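K.L.:
Handing you a structure now.
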Amino acid sequence: PQYIEELGGAGIDMINLSVDSVEPFEESKKDFLRSKDVLMRLIEARKKFGFELVVNLVMSNKNIDTVIPTIEMINEFHIPLSIGLMVKNTYSQKELDPSLFFDTPHARKRLFGVLDSILKLWGKGYNIIDPPQYFRDIRKYIQNGLDWGCLAGEYIFSVDYEGRFLICSSLPPEDLTIFGMNSSYYRTLADLRRERMIVCKKDC
């Protein structure tokens, strides 16, 4: 509670809370049962401080059956929802359970059914941030029919708690911090992005 008060008092604009399942979900430990208390406190603090609250849900083969019930539950709280897809990442530092991914025809069929349901909820006015084309592109991507048009670092970038610049949250930090920002900083940043795109885009 004190931390939330401090964030609100500092004038934060947005807080993103991960909720991957309305049911217990050991794979990420980011389920509603674990997050309920924090979510309720954030809803109250949102009224008090006026920041935006967003929930993020990542779809995997392990939680795919709870995606629609989770979306419906979050929608009841009138909270914008962003939906992501668990994908294999060449640069991940940890081993991930292969069964999290949609590598079989059966898993892909279940995913496509959920994507169709999400589009219907979007059409009904559910507060889903991502546009309909995003979910159509997920289907194409899984079917290997879509080139991943990565724009990492072009319009947004991440900064870690030590001020180090990250072109993408999945890549290691660069040897560049926001504390040294000047005119040459942006040229260096652009050069780094071009170098990274050559290496990582095809594998992302």
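Identifiers for the structure tokens are assigned positionally: chains receive A, B, ... in sequence, residues are indexed from 1 per chain, and ligands are indexed from 1 in the order shown.
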Would you tabulate, counting only C-alpha atoms, all residues of stretch 134-166 of chain A that have an atom at most 10 Å from an atom of stretch 172-193 of chain A, showing the closest pair of atoms and their distance in Å to one decimal, sorted by chain then ascending number, as JSON lines?

P.N.:
```
{"residue": "A:Leu151", "atom": "CA", "partner": "A:Arg193", "partner_atom": "CA", "distance": 9.3}
{"residue": "A:Ala152", "atom": "CA", "partner": "A:Arg193", "partner_atom": "CA", "distance": 7.8}
{"residue": "A:Gly153", "atom": "CA", "partner": "A:Arg193", "partner_atom": "CA", "distance": 6.4}
{"residue": "A:Glu154", "atom": "CA", "partner": "A:Arg193", "partner_atom": "CA", "distance": 7.8}
{"residue": "A:Ser158", "atom": "CA", "partner": "A:Pro173", "partner_atom": "CA", "distance": 9.2}
{"residue": "A:Val159", "atom": "CA", "partner": "A:Ile178", "partner_atom": "CA", "distance": 7.8}
{"residue": "A:Asp160", "atom": "CA", "partner": "A:Pro173", "partner_atom": "CA", "distance": 7.9}
{"residue": "A:Glu162", "atom": "CA", "partner": "A:Thr177", "partner_atom": "CA", "distance": 8.0}
{"residue": "A:Gly163", "atom": "CA", "partner": "A:Thr177", "partner_atom": "CA", "distance": 5.2}
{"residue": "A:Arg164", "atom": "CA", "partner": "A:Thr177", "partner_atom": "CA", "distance": 4.2}
{"residue": "A:Phe165", "atom": "CA", "partner": "A:Thr177", "partner_atom": "CA", "distance": 5.4}
{"residue": "A:Leu166", "atom": "CA", "partner": "A:Pro173", "partner_atom": "CA", "distance": 4.9}
```

K.L.:
Keeping N, CA, C and O atoms, export the residues of the selection given above as a PDB file, in the first residue's frame.

P.N.:
```pdb
ATOM      1  N   LEU A 151       9.808  -2.827 -35.139  1.00  0.00           N
ATOM      2  CA  LEU A 151      10.141  -1.400 -35.096  1.00  0.00           C
ATOM      3  C   LEU A 151      10.799  -1.045 -33.762  1.00  0.00           C
ATOM      4  O   LEU A 151      10.774   0.112 -33.344  1.00  0.00           O
ATOM      5  N   ALA A 152      11.364  -2.053 -33.099  1.00  0.00           N
ATOM      6  CA  ALA A 152      11.971  -1.819 -31.787  1.00  0.00           C
ATOM      7  C   ALA A 152      13.010  -0.717 -31.858  1.00  0.00           C
ATOM      8  O   ALA A 152      13.870  -0.713 -32.737  1.00  0.00           O
ATOM      9  N   GLY A 153      12.919   0.226 -30.944  1.00  0.00           N
ATOM     10  CA  GLY A 153      13.896   1.303 -30.884  1.00  0.00           C
ATOM     11  C   GLY A 153      13.620   2.456 -31.818  1.00  0.00           C
ATOM     12  O   GLY A 153      14.267   3.496 -31.729  1.00  0.00           O
ATOM     13  N   GLU A 154      12.646   2.294 -32.726  1.00  0.00           N
ATOM     14  CA  GLU A 154      12.389   3.379 -33.690  1.00  0.00           C
ATOM     15  C   GLU A 154      11.463   4.435 -33.091  1.00  0.00           C
ATOM     16  O   GLU A 154      11.683   5.637 -33.247  1.00  0.00           O
ATOM     17  N   SER A 158      13.186   1.053 -24.107  1.00  0.00           N
ATOM     18  CA  SER A 158      13.095   0.792 -22.668  1.00  0.00           C
ATOM     19  C   SER A 158      14.355   1.275 -21.977  1.00  0.00           C
ATOM     20  O   SER A 158      15.429   1.313 -22.572  1.00  0.00           O
ATOM     21  N   VAL A 159      14.198   1.628 -20.717  1.00  0.00           N
ATOM     22  CA  VAL A 159      15.327   2.014 -19.878  1.00  0.00           C
ATOM     23  C   VAL A 159      15.242   1.183 -18.612  1.00  0.00           C
ATOM     24  O   VAL A 159      14.184   1.128 -17.972  1.00  0.00           O
ATOM     25  N   ASP A 160      16.329   0.501 -18.239  1.00  0.00           N
ATOM     26  CA  ASP A 160      16.288  -0.310 -17.023  1.00  0.00           C
ATOM     27  C   ASP A 160      16.529   0.570 -15.793  1.00  0.00           C
ATOM     28  O   ASP A 160      16.741   1.779 -15.893  1.00  0.00           O
ATOM     29  N   GLU A 162      18.917   1.002 -13.928  1.00  0.00           N
ATOM     30  CA  GLU A 162      20.234   1.642 -13.829  1.00  0.00           C
ATOM     31  C   GLU A 162      20.433   2.698 -14.923  1.00  0.00           C
ATOM     32  O   GLU A 162      21.523   3.232 -15.079  1.00  0.00           O
ATOM     33  N   GLY A 163      19.366   2.964 -15.667  1.00  0.00           N
ATOM     34  CA  GLY A 163      19.444   3.988 -16.704  1.00  0.00           C
ATOM     35  C   GLY A 163      20.001   3.495 -18.024  1.00  0.00           C
ATOM     36  O   GLY A 163      20.218   4.290 -18.939  1.00  0.00           O
ATOM     37  N   ARG A 164      20.221   2.178 -18.143  1.00  0.00           N
ATOM     38  CA  ARG A 164      20.782   1.646 -19.387  1.00  0.00           C
ATOM     39  C   ARG A 164      19.685   1.512 -20.448  1.00  0.00           C
ATOM     40  O   ARG A 164      18.560   1.146 -20.153  1.00  0.00           O
ATOM     41  N   PHE A 165      20.086   1.795 -21.655  1.00  0.00           N
ATOM     42  CA  PHE A 165      19.173   1.784 -22.790  1.00  0.00           C
ATOM     43  C   PHE A 165      18.977   0.369 -23.331  1.00  0.00           C
ATOM     44  O   PHE A 165      19.933  -0.389 -23.488  1.00  0.00           O
ATOM     45  N   LEU A 166      17.719  -0.003 -23.616  1.00  0.00           N
ATOM     46  CA  LEU A 166      17.397  -1.280 -24.248  1.00  0.00           C
ATOM     47  C   LEU A 166      16.582  -0.991 -25.505  1.00  0.00           C
ATOM     48  O   LEU A 166      15.526  -0.360 -25.444  1.00  0.00           O
TER      49      LEU A 166
END
```

K.L.:
What parts of chain A does DSSP call strand (DSSP E or B)? I'd like the answer as a PDB file with C-alpha atoms, in the first residue's frame.

P.N.:
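Wrote states_2.pdb, looks like this:
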```pdb
ATOM      1  CA  MET A  14       0.433   4.588 -15.952  1.00  0.00           C
ATOM      2  CA  ILE A  15       0.853   1.295 -14.124  1.00  0.00           C
ATOM      3  CA  ASN A  16       0.827  -1.994 -16.015  1.00  0.00           C
ATOM      4  CA  LEU A  17      -0.128  -5.095 -14.028  1.00  0.00           C
ATOM      5  CA  SER A  18       0.359  -8.582 -15.483  1.00  0.00           C
ATOM      6  CA  SER A  21      -4.996 -16.131 -15.918  1.00  0.00           C
ATOM      7  CA  ASP A  31      -2.659 -14.986 -11.969  1.00  0.00           C
ATOM      8  CA  GLU A  52      -4.077   5.005 -15.935  1.00  0.00           C
ATOM      9  CA  LEU A  53      -4.164   1.337 -15.023  1.00  0.00           C
ATOM     10  CA  VAL A  54      -3.558  -1.281 -17.724  1.00  0.00           C
ATOM     11  CA  VAL A  55      -3.588  -5.066 -17.424  1.00  0.00           C
ATOM     12  CA  ASN A  56      -1.311  -7.165 -19.613  1.00  0.00           C
ATOM     13  CA  LEU A  57      -2.129 -10.794 -20.459  1.00  0.00           C
ATOM     14  CA  VAL A  58       0.319 -13.095 -22.259  1.00  0.00           C
ATOM     15  CA  MET A  59      -1.209 -16.052 -24.101  1.00  0.00           C
ATOM     16  CA  LEU A  81      -6.292  -4.807 -21.500  1.00  0.00           C
ATOM     17  CA  SER A  82      -3.257  -5.527 -23.656  1.00  0.00           C
ATOM     18  CA  ILE A  83      -2.881  -9.100 -24.941  1.00  0.00           C
ATOM     19  CA  GLY A  84       0.454 -10.587 -25.956  1.00  0.00           C
ATOM     20  CA  LEU A  85       1.656 -13.910 -27.336  1.00  0.00           C
ATOM     21  CA  ILE A 128      -8.945  -4.348 -25.552  1.00  0.00           C
ATOM     22  CA  SER A 158      13.095   0.792 -22.668  1.00  0.00           C
ATOM     23  CA  VAL A 159      15.327   2.014 -19.878  1.00  0.00           C
ATOM     24  CA  ARG A 164      20.782   1.646 -19.387  1.00  0.00           C
ATOM     25  CA  PHE A 165      19.173   1.784 -22.790  1.00  0.00           C
ATOM     26  CA  LEU A 166      17.397  -1.280 -24.248  1.00  0.00           C
ATOM     27  CA  THR A 177      22.678   5.240 -20.600  1.00  0.00           C
TER      28      THR A 177
END
```

K.L.:
Please list as JSON, numbers by chain every residue within 12 Å of A:Asn63, counting only C-alpha atoms and excluding residues in the same chain fewer than 4 positions away.

P.N.:
{"A": [19, 20, 21, 22, 23, 24, 25, 26, 27, 28, 29, 30, 31, 57, 58, 59, 67, 68, 69, 70, 85, 86, 99, 100, 101, 102, 107, 110, 111, 114]}

K.L.:
Write to file, as a compact mmCIF listing (two decimals), in the first residue's frame, the residues of the selection just made, with C-alpha atoms.

P.N.:
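Here's the written file result-v4.txt:
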```txt
# COMPACT_ATOMS: atom_id res chain seq x y z
CA VAL A 19 -2.56 -11.00 -15.05
CA ASP A 20 -2.09 -14.08 -17.22
CA SER A 21 -5.00 -16.13 -15.92
CA VAL A 22 -8.15 -15.89 -13.86
CA GLU A 23 -7.18 -19.32 -12.46
CA PRO A 24 -3.96 -20.31 -10.63
CA PHE A 25 -1.11 -20.28 -13.16
CA GLU A 26 2.18 -21.62 -11.84
CA GLU A 27 4.13 -21.02 -15.06
CA SER A 28 4.18 -17.24 -14.63
CA LYS A 29 2.73 -16.88 -11.12
CA LYS A 30 0.90 -13.84 -12.52
CA ASP A 31 -2.66 -14.99 -11.97
CA LEU A 57 -2.13 -10.79 -20.46
CA VAL A 58 0.32 -13.10 -22.26
CA MET A 59 -1.21 -16.05 -24.10
CA VAL A 67 -7.81 -16.35 -21.82
CA ILE A 68 -11.45 -15.52 -22.60
CA PRO A 69 -12.66 -15.83 -18.95
CA THR A 70 -9.72 -13.61 -17.91
CA LEU A 85 1.66 -13.91 -27.34
CA MET A 86 4.32 -16.16 -25.82
CA SER A 99 4.90 -26.87 -24.05
CA LEU A 100 4.24 -23.13 -23.57
CA PHE A 101 4.40 -22.60 -27.33
CA PHE A 102 1.92 -23.34 -30.10
CA ALA A 107 -2.32 -26.15 -30.04
CA ARG A 110 -7.01 -23.84 -29.94
CA LEU A 111 -5.13 -20.54 -30.31
CA VAL A 114 -9.36 -17.96 -28.98
```

K.L.:
As an exercise, work out the distance from atom CA of A:Tyr161 to atom CA of A:Lys36 in Å and give it to one decimal place.

P.N.:
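Straight-line distance from atom CA of A:Tyr161 to atom CA of A:Lys36 works out to 25.9 Å.
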
K.L.:
In Å, rounded to a single decimal, give me how far atom CA of A:Pro131 is from atom CA of A:Ser170.

P.N.:
22.8 Å

K.L.:
Between A:Lys62, A:Ile167, A:Lys47, A:Gln2, which one has atoms that come closest to A:Met197, using only C-alpha atoms?

P.N.:
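When distances to A:Met197 are compared using only C-alpha atoms, the smallest one comes from A:Ile167.
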
K.L.:
Could you state the separation of atom CA of A:Asp137 and atom CA of A:Thr66 in Å, given to one decimal place?

P.N.:
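Rounded to one decimal, the two atoms are 21.3 Å apart.
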